file input.tsv (TSV, C-alpha atoms)
chain	number	residue	atom	x	y	z
A	699	MET	CA	65.75	53.36	88.42
A	700	ALA	CA	64.26	55.22	91.36
A	701	GLY	CA	67.66	55.10	93.08
A	702	GLN	CA	69.34	56.89	90.16
A	703	LEU	CA	66.62	59.52	90.17
A	704	LYS	CA	67.22	60.34	93.82
A	705	GLU	CA	70.97	60.52	93.27
A	706	VAL	CA	70.61	63.10	90.54
A	707	ARG	CA	68.14	65.08	92.64
A	708	ASN	CA	70.62	65.21	95.54
A	709	ARG	CA	73.38	66.28	93.21
A	710	ILE	CA	71.23	69.12	91.86
A	711	LYS	CA	70.45	70.29	95.38
A	712	SER	CA	74.11	70.36	96.41
A	713	VAL	CA	75.15	72.25	93.28
A	714	GLN	CA	72.37	74.76	93.90
A	715	SER	CA	73.48	75.45	97.45
A	716	THR	CA	77.10	75.84	96.37
A	717	GLN	CA	75.99	78.29	93.73
A	718	GLN	CA	74.15	80.28	96.37
A	719	ILE	CA	77.38	80.61	98.35
A	720	THR	CA	79.45	81.67	95.34
A	721	LYS	CA	76.79	84.22	94.38
A	722	ALA	CA	76.75	85.68	97.88
A	723	MET	CA	80.56	85.83	97.97
A	724	LYS	CA	80.54	87.65	94.67
A	725	MET	CA	78.18	90.30	96.02
A	726	VAL	CA	80.25	90.76	99.18
A	727	SER	CA	83.45	91.10	97.14
A	728	ALA	CA	81.82	93.63	94.84
A	729	ALA	CA	80.87	95.80	97.83
A	730	LYS	CA	84.32	95.46	99.37
A	731	LEU	CA	85.97	96.19	96.05
A	732	ARG	CA	84.14	99.49	95.79
A	733	ARG	CA	85.36	100.50	99.22
A	734	ALA	CA	88.92	99.43	98.41
A	735	GLN	CA	88.84	101.42	95.19
A	736	ASP	CA	87.60	104.47	97.06
A	737	ALA	CA	90.53	104.19	99.44
A	738	ILE	CA	92.97	104.23	96.51
A	739	ILE	CA	91.29	107.25	94.96
A	740	GLN	CA	91.31	109.06	98.31
A	741	MET	CA	95.05	108.67	98.76
A	742	ARG	CA	96.00	109.69	95.22
A	743	PRO	CA	96.02	113.49	95.75
A	744	TYR	CA	98.28	113.06	98.77
A	745	ALA	CA	100.76	110.88	96.90
A	746	LYS	CA	100.75	113.19	93.89
A	747	LYS	CA	101.35	116.32	95.95
A	748	LEU	CA	104.15	114.64	97.85
A	749	GLN	CA	105.94	113.79	94.60
A	750	GLU	CA	105.36	117.32	93.35
A	751	LEU	CA	106.82	118.76	96.51
A	752	LEU	CA	109.94	116.64	96.13
A	753	SER	CA	110.46	117.64	92.53
A	754	ASN	CA	109.88	121.28	93.45
A	755	ILE	CA	112.62	121.08	96.03
A	756	VAL	CA	115.00	119.17	93.78
A	757	SER	CA	114.50	121.46	90.80
A	758	ASN	CA	115.19	124.48	92.98
A	759	THR	CA	118.43	122.96	94.19
A	760	GLU	CA	121.67	123.50	92.31
A	761	GLY	CA	123.70	120.33	92.11
A	762	GLY	CA	122.58	116.99	93.45
A	763	SER	CA	122.59	116.42	97.14
A	764	ALA	CA	123.61	113.09	98.54
A	765	ILE	CA	120.60	111.19	99.77
A	766	LYS	CA	121.37	108.40	102.15
A	767	LEU	CA	118.39	106.31	101.16
A	768	ALA	CA	119.34	106.36	97.48
A	769	GLU	CA	122.83	105.01	98.04
A	770	ALA	CA	123.38	101.77	96.11
A	771	ARG	CA	125.57	99.28	97.93
A	772	PRO	CA	126.97	95.93	96.77
A	773	ILE	CA	124.08	93.54	97.22
A	774	GLU	CA	124.69	91.02	99.96
A	775	LYS	CA	121.45	90.82	101.88
A	776	VAL	CA	118.09	91.04	100.20
A	777	LEU	CA	114.65	91.68	101.63
A	778	LEU	CA	111.45	90.94	99.76
A	779	ILE	CA	108.17	92.30	101.06
A	780	VAL	CA	105.54	89.97	99.63
A	781	ILE	CA	101.96	91.14	99.86
A	782	THR	CA	99.24	88.53	99.48
A	783	SER	CA	95.74	88.15	100.86
A	784	ASP	CA	94.58	86.53	104.08
A	785	ARG	CA	91.93	84.38	102.47
A	786	GLY	CA	91.74	82.06	99.50
A	787	LEU	CA	88.95	81.48	96.98
A	788	CYS	CA	90.17	84.24	94.72
A	789	GLY	CA	91.38	82.32	91.71
A	790	ALA	CA	95.09	82.25	90.92
A	791	TYR	CA	95.68	85.60	92.62
A	792	ASN	CA	97.83	84.44	95.54
A	793	SER	CA	99.70	81.78	93.66
A	794	ASN	CA	100.60	84.30	90.96
A	795	ILE	CA	102.16	86.66	93.50
A	796	ILE	CA	104.06	83.84	95.17
A	797	LYS	CA	105.23	82.59	91.80
A	798	LEU	CA	106.53	86.05	90.91
A	799	ALA	CA	108.30	86.32	94.26
A	800	LYS	CA	110.04	82.99	93.78
A	801	GLN	CA	110.94	83.84	90.20
A	802	THR	CA	112.42	87.18	91.28
A	803	ILE	CA	114.54	85.42	93.88
A	804	HIS	CA	115.80	82.79	91.45
A	805	ASP	CA	116.43	85.22	88.60
A	806	LYS	CA	118.00	88.13	90.41
A	807	TYR	CA	119.19	86.91	93.77
A	808	ALA	CA	120.26	83.30	93.20
A	809	ALA	CA	123.74	83.96	94.61
A	810	GLN	CA	122.31	85.52	97.75
A	811	LEU	CA	119.84	82.67	98.11
A	812	LYS	CA	122.70	80.15	98.21
A	813	LYS	CA	124.17	81.95	101.18
A	814	SER	CA	120.63	82.15	102.62
A	815	ASP	CA	120.82	85.92	102.59
A	816	VAL	CA	117.37	86.37	101.11
A	817	PHE	CA	114.80	87.43	103.68
A	818	ILE	CA	111.08	87.70	103.24
A	819	TRP	CA	108.55	89.77	105.13
A	820	ASN	CA	105.09	88.54	104.43
A	821	ILE	CA	102.01	90.68	104.53
A	822	GLY	CA	98.93	88.46	104.35
A	823	LYS	CA	98.51	84.94	105.67
A	824	LYS	CA	98.40	82.99	102.41
A	825	GLY	CA	101.82	84.07	101.23
A	826	PHE	CA	103.35	83.43	104.63
A	827	GLU	CA	102.02	79.88	104.79
A	828	SER	CA	103.12	78.97	101.32
A	829	MET	CA	106.56	80.58	101.46
A	830	SER	CA	107.51	79.20	104.85
A	831	LYS	CA	106.48	75.75	103.67
A	832	ALA	CA	108.77	76.21	100.66
A	833	GLY	CA	111.65	76.78	103.07
A	834	PHE	CA	112.24	80.49	102.65
A	835	ASN	CA	113.50	82.73	105.41
A	836	THR	CA	110.17	84.31	106.34
A	837	ASN	CA	109.12	86.76	108.98
A	838	ASP	CA	105.52	87.18	110.03
A	839	ALA	CA	105.84	90.40	112.06
A	840	TYR	CA	103.62	92.30	109.63
A	841	LYS	CA	101.47	89.40	108.47
A	842	ASP	CA	98.25	90.72	109.95
A	843	ILE	CA	98.16	94.20	108.43
A	844	PHE	CA	94.94	93.38	106.59
A	845	HIS	CA	93.12	92.86	109.89
A	846	HIS	CA	93.29	96.59	110.57
A	847	LEU	CA	94.12	98.19	107.30
A	848	ASN	CA	95.01	101.81	107.90
A	849	PHE	CA	97.94	104.08	107.28
A	850	GLU	CA	99.38	103.71	110.77
A	851	THR	CA	99.85	99.94	110.65
A	852	VAL	CA	101.41	100.05	107.19
A	853	GLN	CA	103.63	102.91	108.28
A	854	LYS	CA	105.10	100.73	111.05
A	855	ALA	CA	106.21	98.15	108.50
A	856	ALA	CA	107.64	100.83	106.20
A	857	LYS	CA	109.53	102.46	109.06
A	858	ALA	CA	111.00	99.13	110.13
A	859	ALA	CA	112.14	98.44	106.56
A	860	ILE	CA	113.73	101.88	106.22
A	861	LYS	CA	115.51	101.49	109.53
A	862	ALA	CA	116.81	98.06	108.60
A	863	PHE	CA	118.14	99.49	105.35
A	864	GLU	CA	119.86	102.36	107.15
A	865	ASN	CA	121.42	99.93	109.61
A	866	LYS	CA	122.71	97.91	106.63
A	867	GLU	CA	120.75	94.83	107.63
A	868	PHE	CA	119.59	94.73	104.03
A	869	ASP	CA	121.23	96.14	100.91
A	870	VAL	CA	118.22	96.04	98.67
A	871	ILE	CA	114.50	95.85	99.43
A	872	GLU	CA	111.84	94.93	96.91
A	873	ILE	CA	108.07	94.81	97.18
A	874	VAL	CA	106.19	92.07	95.35
A	875	TYR	CA	102.54	92.90	94.95
A	876	SER	CA	99.75	93.16	92.44
A	877	GLU	CA	98.81	96.45	90.94
A	878	PHE	CA	95.10	97.05	90.59
A	879	LYS	CA	94.04	97.68	86.98
A	880	ASN	CA	90.35	96.88	87.06
A	881	ALA	CA	88.10	94.28	88.66
A	882	ALA	CA	89.15	91.59	86.20
A	883	THR	CA	92.84	92.35	85.68
A	884	GLN	CA	95.77	92.70	88.00
A	885	ARG	CA	99.36	93.35	87.11
A	886	PHE	CA	101.85	91.47	89.24
A	887	VAL	CA	104.97	93.51	89.87
A	888	ALA	CA	108.22	93.40	91.78
A	889	GLU	CA	109.20	96.96	92.58
A	890	GLN	CA	112.39	98.23	94.12
A	891	PHE	CA	111.65	99.98	97.41
A	892	LEU	CA	115.14	100.79	98.63
A	893	PRO	CA	117.61	102.14	97.65
A	894	ILE	CA	115.37	104.69	95.98
A	895	PRO	CA	115.62	104.20	92.24
A	896	LYS	CA	116.70	107.27	90.32
A	897	THR	CA	113.78	108.90	88.57
A	898	ALA	CA	113.74	111.54	85.93
A	899	PRO	CA	112.55	114.88	87.27
A	900	ILE	CA	108.86	115.40	86.71
A	901	LYS	CA	108.05	118.00	84.10
A	902	GLY	CA	106.15	121.08	85.11
A	903	ALA	CA	107.98	121.57	88.38
A	904	LYS	CA	107.68	125.19	89.30
A	905	LYS	CA	110.71	127.39	89.54
A	906	SER	CA	109.65	129.77	92.22
A	907	ASP	CA	111.62	131.56	94.82
A	908	PHE	CA	110.55	129.29	97.61
A	909	ILE	CA	111.45	129.97	101.17
A	910	PHE	CA	112.76	126.70	102.53
A	911	GLU	CA	112.35	126.07	106.19
A	912	PRO	CA	114.62	124.34	107.32
A	913	GLU	CA	117.30	123.88	104.59
A	914	LYS	CA	116.63	121.86	101.48
A	915	ASP	CA	118.83	118.92	102.46
A	916	ILE	CA	117.03	118.47	105.75
A	917	LEU	CA	113.70	118.85	103.97
A	918	ILE	CA	114.61	116.14	101.47
A	919	ALA	CA	115.77	113.89	104.27
A	920	GLU	CA	112.40	114.42	105.98
A	921	LEU	CA	110.46	113.95	102.79
A	922	MET	CA	112.03	110.67	101.67
A	923	PRO	CA	110.66	108.40	104.43
A	924	LYS	CA	107.21	109.92	103.95
A	925	ILE	CA	107.29	109.08	100.26
A	926	LEU	CA	108.38	105.54	101.06
A	927	ASN	CA	105.59	105.16	103.63
A	928	THR	CA	103.13	106.27	101.02
A	929	GLN	CA	104.59	103.91	98.45
A	930	LEU	CA	104.14	100.88	100.68
A	931	PHE	CA	100.67	102.04	101.69
A	932	LYS	CA	99.74	102.35	98.04
A	933	ALA	CA	101.03	98.82	97.37
A	934	VAL	CA	98.96	97.44	100.23
A	935	LEU	CA	95.84	99.27	99.07
A	936	ASP	CA	96.41	98.09	95.50
A	937	CYS	CA	96.69	94.53	96.74
A	938	ASN	CA	93.54	94.86	98.78
A	939	ALA	CA	91.56	96.04	95.78
A	940	SER	CA	93.12	93.39	93.52
A	941	GLU	CA	92.19	90.66	95.98
A	942	HIS	CA	88.53	91.64	96.01
A	943	GLY	CA	88.53	92.08	92.25
A	944	ALA	CA	90.08	88.66	91.74
A	945	ARG	CA	87.63	87.07	94.14
A	946	MET	CA	84.71	88.74	92.44
A	947	THR	CA	85.68	87.40	89.01
A	948	ALA	CA	86.51	83.96	90.41
A	949	MET	CA	83.13	83.73	92.11
A	950	ASP	CA	81.36	84.98	89.01
A	951	LYS	CA	83.02	82.22	86.99
A	952	ALA	CA	82.09	79.67	89.63
A	953	SER	CA	78.43	80.70	89.56
A	954	GLU	CA	78.43	80.45	85.79
A	955	ASN	CA	79.96	76.99	85.89
A	956	ALA	CA	77.38	75.92	88.44
A	957	ASN	CA	74.67	77.09	86.05
A	958	GLU	CA	76.06	74.95	83.26
A	959	LEU	CA	76.40	71.98	85.55
A	960	LEU	CA	72.80	72.41	86.67
A	961	LYS	CA	71.61	72.48	83.07
A	962	SER	CA	73.22	69.15	82.20
A	963	LEU	CA	72.13	67.63	85.51
A	964	LYS	CA	68.54	68.66	84.84
A	965	ILE	CA	68.67	66.97	81.43
A	966	SER	CA	69.91	63.70	82.90
A	967	TYR	CA	67.33	63.98	85.69
A	968	ASN	CA	64.50	64.32	83.17
A	969	ARG	CA	65.89	61.45	81.11
A	970	ALA	CA	65.95	59.20	84.11
A	971	ARG	CA	62.43	60.28	85.06
A	972	GLN	CA	61.09	59.61	81.56
A	973	ALA	CA	62.80	56.22	81.42
A	974	ALA	CA	61.20	55.29	84.73
A	975	ILE	CA	57.74	56.27	83.45
A	976	THR	CA	58.23	54.34	80.21
A	977	THR	CA	59.25	51.15	82.02
A	978	GLU	CA	56.31	51.52	84.39
A	979	LEU	CA	53.91	51.90	81.48
A	980	THR	CA	55.33	48.90	79.64
A	981	GLU	CA	55.00	46.87	82.81
A	982	ILE	CA	51.33	47.85	83.24
A	983	VAL	CA	50.47	47.28	79.60
A	984	SER	CA	52.21	43.91	79.42
A	985	GLY	CA	50.62	42.92	82.75
A	986	ALA	CA	47.14	43.82	81.45
A	987	SER	CA	47.66	41.97	78.16
A	988	ALA	CA	48.87	38.90	80.05
A	989	LEU	CA	45.63	38.95	82.13
A	990	GLN	CA	43.44	39.28	78.99
A	991	GLY	CA	45.27	36.55	77.18
B	1229	MET	CA	93.57	132.30	100.72
B	1230	ILE	CA	92.77	128.70	99.87
B	1231	LEU	CA	93.72	125.90	102.22
B	1232	GLU	CA	93.87	122.20	101.44
B	1233	ILE	CA	94.75	119.52	103.99
B	1234	LEU	CA	95.64	116.10	102.57
B	1235	THR	CA	96.28	112.83	104.41
B	1236	PRO	CA	96.95	109.40	102.89
B	1237	GLU	CA	93.47	108.30	103.91
B	1238	LYS	CA	91.41	111.28	102.77
B	1239	LYS	CA	91.17	114.96	102.00
B	1240	LEU	CA	90.63	116.50	105.40
B	1241	PHE	CA	89.89	120.10	104.59
B	1242	SER	CA	89.44	122.25	101.55
B	1243	GLY	CA	88.27	125.81	101.43
B	1244	GLU	CA	88.81	129.49	101.94
B	1245	VAL	CA	90.44	130.53	105.23
B	1246	TYR	CA	91.80	133.65	106.86
B	1247	GLY	CA	95.04	132.09	108.12
B	1248	ILE	CA	96.73	129.05	109.68
B	1249	GLN	CA	99.02	128.55	112.63
B	1250	LEU	CA	101.42	125.65	112.19
B	1251	PRO	CA	104.04	123.89	114.34
B	1252	GLY	CA	107.15	124.14	112.15
B	1253	ILE	CA	110.21	122.04	112.95
B	1254	THR	CA	112.02	125.15	114.12
B	1255	GLY	CA	109.03	126.74	115.82
B	1256	LEU	CA	105.43	127.86	115.59
B	1257	PHE	CA	104.55	130.14	112.68
B	1258	GLU	CA	101.54	131.63	110.99
B	1259	ILE	CA	100.55	131.90	107.34
B	1260	LEU	CA	98.23	134.70	106.30
B	1261	ASP	CA	96.78	135.89	103.01
B	1262	ARG	CA	99.31	136.48	100.20
B	1263	HIS	CA	102.17	134.74	101.90
B	1264	ALA	CA	105.37	134.33	99.87
B	1265	PRO	CA	106.06	130.87	98.36
B	1266	LEU	CA	107.19	128.59	101.17
B	1267	VAL	CA	108.02	124.96	101.80
B	1268	SER	CA	108.38	123.88	105.38
B	1269	ALA	CA	108.54	120.71	107.43
B	1270	LEU	CA	106.07	120.42	110.29
B	1271	ALA	CA	106.61	118.84	113.67
B	1272	LYS	CA	104.13	117.01	115.88
B	1273	GLY	CA	101.82	119.47	117.56
B	1274	ASN	CA	98.71	121.55	117.28
B	1275	MET	CA	97.48	123.29	114.18
B	1276	LYS	CA	95.05	126.16	114.34
B	1277	ILE	CA	92.93	127.09	111.37
B	1278	LEU	CA	91.56	130.61	111.41
B	1279	LYS	CA	88.44	130.26	109.33
B	1280	THR	CA	87.70	133.90	109.88
B	1281	LYS	CA	89.35	136.38	112.20
B	1282	THR	CA	87.35	135.09	115.14
B	1283	GLU	CA	86.36	131.52	114.22
B	1284	PHE	CA	88.93	128.78	114.90
B	1285	GLU	CA	89.38	125.04	114.40
B	1286	TYR	CA	92.06	122.99	116.10
B	1287	TYR	CA	93.78	119.80	114.97
B	1288	THR	CA	96.51	117.67	116.50
B	1289	ILE	CA	98.89	116.60	113.74
B	1290	GLN	CA	101.58	113.96	113.40
B	1291	GLY	CA	104.10	115.99	111.42
B	1292	GLY	CA	104.33	116.57	107.70
B	1293	PHE	CA	104.83	119.38	105.21
B	1294	VAL	CA	103.30	122.61	104.06
B	1295	GLU	CA	103.66	124.25	100.68
B	1296	VAL	CA	102.44	127.77	99.93
B	1297	LEU	CA	102.24	128.86	96.31
B	1298	HIS	CA	100.04	131.40	94.53
B	1299	ASN	CA	98.01	132.12	97.64
B	1300	LYS	CA	97.20	128.46	98.09
B	1301	ALA	CA	98.45	126.47	101.06
B	1302	THR	CA	98.67	122.69	100.84
B	1303	ILE	CA	99.30	120.78	104.04
B	1304	LEU	CA	100.45	117.17	103.79
B	1305	ILE	CA	100.21	115.25	107.03
B	1306	GLU	CA	100.21	111.56	107.86
B	1307	GLY	CA	97.53	111.79	110.48
B	1308	ALA	CA	95.40	114.37	112.24
B	1309	THR	CA	92.60	114.47	114.74
B	1310	GLN	CA	90.30	117.36	115.32
B	1311	VAL	CA	90.33	118.74	118.84
call {"tool": "encode", "arguments": {"input": "input.tsv", "output": "structure tokens"}}
result
Amino acid sequence: MAGQLKEVRNRIKSVQSTQQITKAMKMVSAAKLRRAQDAIIQMRPYAKKLQELLSNIVSNTEGGSAIKLAEARPIEKVLLIVITSDRGLCGAYNSNIIKLAKQTIHDKYAAQLKKSDVFIWNIGKKGFESMSKAGFNTNDAYKDIFHHLNFETVQKAAKAAIKAFENKEFDVIEIVYSEFKNAATQRFVAEQFLPIPKTAPIKGAKKSDFIFEPEKDILIAELMPKILNTQLFKAVLDCNASEHGARMTAMDKASENANELLKSLKISYNRARQAAITTELTEIVSGASALQG
Amino acid sequence: MILEILTPEKKLFSGEVYGIQLPGITGLFEILDRHAPLVSALAKGNMKILKTKTEFEYYTIQGGFVEVLHNKATILIEGATQV
């Protein structure tokens, strides 16, 4: 009886210490999430203005101009940029992104996969580990972006991707990442990065007599890579925020589960304790009555 | 006129200024009050903000764009450090 009591007590202690860890991780993630969200909000005006600028130029141009980065070629070689996190313990977050990446490859690029013309650049350690184990053609050159997350490091990856597209090393480039909705929800998306998908002109573009310096075509050519840089940066920031959000909810759930487990453990601990007392009492009483008799 | 400087990481500057000197791709130029609408690409170089006629601030920029419309200048750059 006493042995069972001790077992339950040890169990309770270990659950309590695990719960302490999950609670602490939740707090840390909440703080990091706030910072990550701030970063997204900070970059929004820049991204918006950049888009506006492009539509201003385009709407002031008569006739479409040929943009090299928007040229659709027959798809032979495919590049997927898969953004995951560096660390685990964030629920199904990483596995969902990897699942979407694999699904995209099998659904859209099965023919290219057979010729092993599907390439993957991983950002984040988890995705890299899992996808190289699954036998995909991975590249870890930009794996460690999350170590120093700033615009410059992301820009390097974006520039390399744009250059590879221009050199026809790849015919289509997609980014697989998770869009940040709120702390509890992420939306997993595969987005075409290059060639630039055709978008409808944004309404409210101003028709003013702008002075363009240099000519519009050169301006557009300068503007395009900047927009792409920003797009990848936004994806990385979104992923960063999603990761912390996912971890926060996962750790919250874990703490809750620990609470429930503790409750039932405490009940069985008390039962065992009461049973021990009852047997002790019966032993004493029966011992005493045996002496009297 | 109103000046706004935006980078992907944060809003760097926002406020009323007298003028700005910018390194355009084709050469250095200056924007003063009531400038005509303009869109220009910027090269790497130094940017000078004239807060008033006599008070200056200098930045080193990585290249980007400037748009002037309705007496408001918006500068989009990918990175800048104050000198």
call {"tool": "closest_atom_pairs", "arguments": {"input": "input.tsv", "of": "chain A", "to": "chain B", "cutoff": "10 Å", "atoms": "only C-alpha atoms", "output": "CSV"}}
result
residue,atom,partner,partner_atom,distance
A:Asp736,CA,B:Lys1238,CA,9.7
A:Ala737,CA,B:Glu1237,CA,6.7
A:Ile738,CA,B:Glu1237,CA,8.5
A:Ile739,CA,B:Lys1238,CA,8.8
A:Gln740,CA,B:Lys1238,CA,5.0
A:Met741,CA,B:Pro1236,CA,4.6
A:Arg742,CA,B:Pro1236,CA,7.7
A:Pro743,CA,B:Leu1234,CA,7.3
A:Tyr744,CA,B:Leu1234,CA,5.5
A:Ala745,CA,B:Pro1236,CA,7.3
A:Lys747,CA,B:Leu1304,CA,7.9
A:Leu748,CA,B:Leu1304,CA,7.4
A:Leu751,CA,B:Glu1295,CA,7.6
A:Asn754,CA,B:Val1267,CA,9.3
A:Ile755,CA,B:Val1267,CA,8.3
A:Asn848,CA,B:Glu1237,CA,7.8
A:Phe849,CA,B:Pro1236,CA,7.0
A:Glu850,CA,B:Gly1307,CA,8.3
A:Gln853,CA,B:Glu1306,CA,9.3
A:Lys904,CA,B:Leu1297,CA,9.6
A:Ser906,CA,B:Pro1265,CA,7.2
A:Asp907,CA,B:Pro1265,CA,6.6
A:Phe908,CA,B:Pro1265,CA,4.8
A:Ile909,CA,B:Leu1266,CA,4.5
A:Phe910,CA,B:Val1267,CA,5.1
A:Glu911,CA,B:Ser1268,CA,4.6
A:Pro912,CA,B:Ser1268,CA,6.6
A:Glu913,CA,B:Ser1268,CA,9.0
A:Lys914,CA,B:Val1267,CA,9.2
A:Ile916,CA,B:Ala1269,CA,8.9
A:Leu917,CA,B:Ala1269,CA,6.5
A:Ile918,CA,B:Ala1269,CA,9.7
A:Glu920,CA,B:Ala1269,CA,7.5
A:Leu921,CA,B:Phe1293,CA,8.2
A:Lys924,CA,B:Gly1292,CA,8.2
A:Asn927,CA,B:Glu1306,CA,9.4
A:Thr928,CA,B:Pro1236,CA,7.2
A:Phe931,CA,B:Pro1236,CA,8.3
A:Lys932,CA,B:Pro1236,CA,9.0
call {"tool": "atom_distance", "arguments": {"input": "input.tsv", "atom1": "CA of Phe826 (chain A)", "atom2": "CA of Leu892 (chain A)"}}
result
21.8 Å
call {"tool": "residues_around", "arguments": {"input": "input.tsv", "residues": "Lys711 (chain A)", "least_positions_apart": "2", "cutoff": "12 Å", "atoms": "all atoms listed in the file", "output": "VMD selection string"}}
result
chain A and resid 704 to 709 713 to 718 956 959 to 960 963 to 964 967
call {"tool": "atom_distance", "arguments": {"input": "input.tsv", "atom1": "CA of Leu703 (chain A)", "atom2": "CA of Val983 (chain A)"}}
result
22.9 Å
call {"tool": "atom_distance", "arguments": {"input": "input.tsv", "atom1": "CA of Asn837 (chain A)", "atom2": "CA of Gln929 (chain A)"}}
result
20.6 Å
call {"tool": "decode", "arguments": {"input": "input.tsv", "residues": "region 1248-1284 of chain B", "atoms": "C-alpha atoms", "output": "CSV table (one decimal), in the first residue's frame"}}
result
chain,number,residue,atom,x,y,z
B,1248,ILE,CA,15.5,66.9,-49.3
B,1249,GLN,CA,18.6,66.1,-51.3
B,1250,LEU,CA,18.5,62.6,-52.9
B,1251,PRO,CA,20.9,60.5,-54.9
B,1252,GLY,CA,18.8,59.7,-58.0
B,1253,ILE,CA,20.0,57.0,-60.4
B,1254,THR,CA,20.9,59.6,-63.0
B,1255,GLY,CA,22.3,62.1,-60.5
B,1256,LEU,CA,21.9,64.1,-57.3
B,1257,PHE,CA,18.7,66.2,-57.1
B,1258,GLU,CA,16.8,68.2,-54.6
B,1259,ILE,CA,13.1,68.4,-53.7
B,1260,LEU,CA,11.7,71.6,-52.3
B,1261,ASP,CA,8.2,72.8,-51.2
B,1262,ARG,CA,5.5,72.4,-53.9
B,1263,HIS,CA,7.5,70.2,-56.1
B,1264,ALA,CA,5.6,68.7,-59.2
B,1265,PRO,CA,4.5,65.1,-58.9
B,1266,LEU,CA,7.5,62.9,-59.4
B,1267,VAL,CA,8.5,59.2,-59.2
B,1268,SER,CA,12.2,58.5,-59.3
B,1269,ALA,CA,14.5,55.6,-58.5
B,1270,LEU,CA,17.3,56.2,-56.0
B,1271,ALA,CA,20.8,54.9,-56.1
B,1272,LYS,CA,23.1,54.0,-53.2
B,1273,GLY,CA,24.4,57.1,-51.6
B,1274,ASN,CA,23.8,59.9,-49.1
B,1275,MET,CA,20.5,61.6,-48.4
B,1276,LYS,CA,20.3,65.0,-46.8
B,1277,ILE,CA,17.2,66.1,-45.1
B,1278,LEU,CA,16.9,69.9,-44.7
B,1279,LYS,CA,14.7,70.1,-41.6
B,1280,THR,CA,14.9,73.9,-41.8
B,1281,LYS,CA,17.0,76.1,-44.0
B,1282,THR,CA,20.0,75.6,-41.7
B,1283,GLU,CA,19.4,72.4,-39.8
B,1284,PHE,CA,20.4,69.1,-41.6
